[in-house]
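K.L.:
The structure that follows is given in the form of structure tokens.
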Amino acid sequence: MATLRGYKCTKCGYVVMADASVYEAFMFVTNYYFFCSHCNDIVKVPLQEQYPIFPKCGRMDGLRTWNPVEGHCPKCGKSKLSEKGKLIMAD
């Protein structure tokens, strides 16, 4: 089960749809959120991938887990994202 919420940075306007935990589970797929320090962006990586590679830069050395509640804005570094917009619940 996943509960996706819209999160928005009040400083730069970056928006991401994410579960409040470090992962989202939809049917047969579990995705984990990773922050890439090279691209300053978030990527969802399926649980099956042992060595995640960020699709934009093709690197894996700057990845770390991320979640919207504890994590900062990936674009500008503001401490927290505010909860905005849609709420989607799926199973």
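The chains in the structure tokens are called A, B, ... from first to last as shown; in each chain the residues are counted from 1, and the ligands are counted from 1 in the order shown.
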Residues at most 10 Å from Val43 (chain A), counting only C-alpha atoms, excluding those fewer than 5 positions away in the same chain, as a PyMOL selection string?
P.N.:
chain A and resi 31-36+52-56+63+65-66
K.L.:
List the spatial neighbours of Leu81 (chain A) as an mmCIF file with C-alpha atoms, in the first residue's frame - criterion: any atom at most 6 Å away, only C-alpha atoms, same-chain residues fewer than 5 positions off excluded.
P.N.:
```cif
data_model
loop_
_atom_site.group_PDB
_atom_site.id
_atom_site.type_symbol
_atom_site.label_atom_id
_atom_site.label_comp_id
_atom_site.auth_asym_id
_atom_site.auth_seq_id
_atom_site.Cartn_x
_atom_site.Cartn_y
_atom_site.Cartn_z
ATOM 1 C CA TYR A 7 5.411 17.967 -1.483
ATOM 2 C CA LYS A 8 6.595 21.413 -2.498
ATOM 3 C CA CYS A 9 9.599 23.521 -1.543
#
```
K.L.:
Point out the residue among A:His38, A:Lys84, A:Val69, A:Arg59 with the least atom-to-atom distance to Asp19 (chain A), counting only C-alpha atoms.
P.N.:
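Closest to Asp19 (chain A) of all the choices is A:Val69.
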K.L.:
Rank A:Cys73, A:Asp61, A:Ala18, A:Thr30 by their smallest atom-to-atom distance to Leu47 (chain A), using only C-alpha atoms, and report the top residue only.
P.N.:
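Of A:Cys73, A:Asp61, A:Ala18, A:Thr30, the one nearest Leu47 (chain A), counting only C-alpha atoms, is A:Thr30.
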K.L.:
Tell me, which residues of region 31-66 of chain A carry DSSP strand (DSSP E or B), written as a ChimeraX atom specification?
P.N.:
/A:31-36,41-46,63-65
K.L.:
Filtering to C-alpha atoms, could you give me those residues as a PDB file, in the first residue's frame?
P.N.:
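So the final result, stored in selection12.pdb, reads:
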```
ATOM      1  CA  ASN A  31      10.380   1.514  -5.041  1.00  0.00           C
ATOM      2  CA  TYR A  32      12.896   3.234  -2.803  1.00  0.00           C
ATOM      3  CA  TYR A  33      13.641   6.957  -3.026  1.00  0.00           C
ATOM      4  CA  PHE A  34      17.239   8.018  -3.554  1.00  0.00           C
ATOM      5  CA  PHE A  35      18.789  11.481  -3.692  1.00  0.00           C
ATOM      6  CA  CYS A  36      21.597  12.031  -6.222  1.00  0.00           C
ATOM      7  CA  ASP A  41      17.243  15.278  -7.846  1.00  0.00           C
ATOM      8  CA  ILE A  42      15.200  12.328  -6.574  1.00  0.00           C
ATOM      9  CA  VAL A  43      14.902   8.951  -8.299  1.00  0.00           C
ATOM     10  CA  LYS A  44      12.685   5.977  -7.511  1.00  0.00           C
ATOM     11  CA  VAL A  45      14.609   2.697  -7.684  1.00  0.00           C
ATOM     12  CA  PRO A  46      12.909  -0.734  -7.708  1.00  0.00           C
ATOM     13  CA  LEU A  63      23.141   8.190  -4.108  1.00  0.00           C
ATOM     14  CA  ARG A  64      21.657   8.047  -0.628  1.00  0.00           C
ATOM     15  CA  THR A  65      18.183   7.201   0.646  1.00  0.00           C
TER      16      THR A  65
END
```
K.L.:
Measuring atom to atom with only C-alpha atoms, identify which of A:Gly58, A:Lys75, A:Ser37, A:Tyr51 is nearest to Val16 (chain A).
P.N.:
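Ranking A:Gly58, A:Lys75, A:Ser37, A:Tyr51 by distance to Val16 (chain A), first place goes to A:Lys75.
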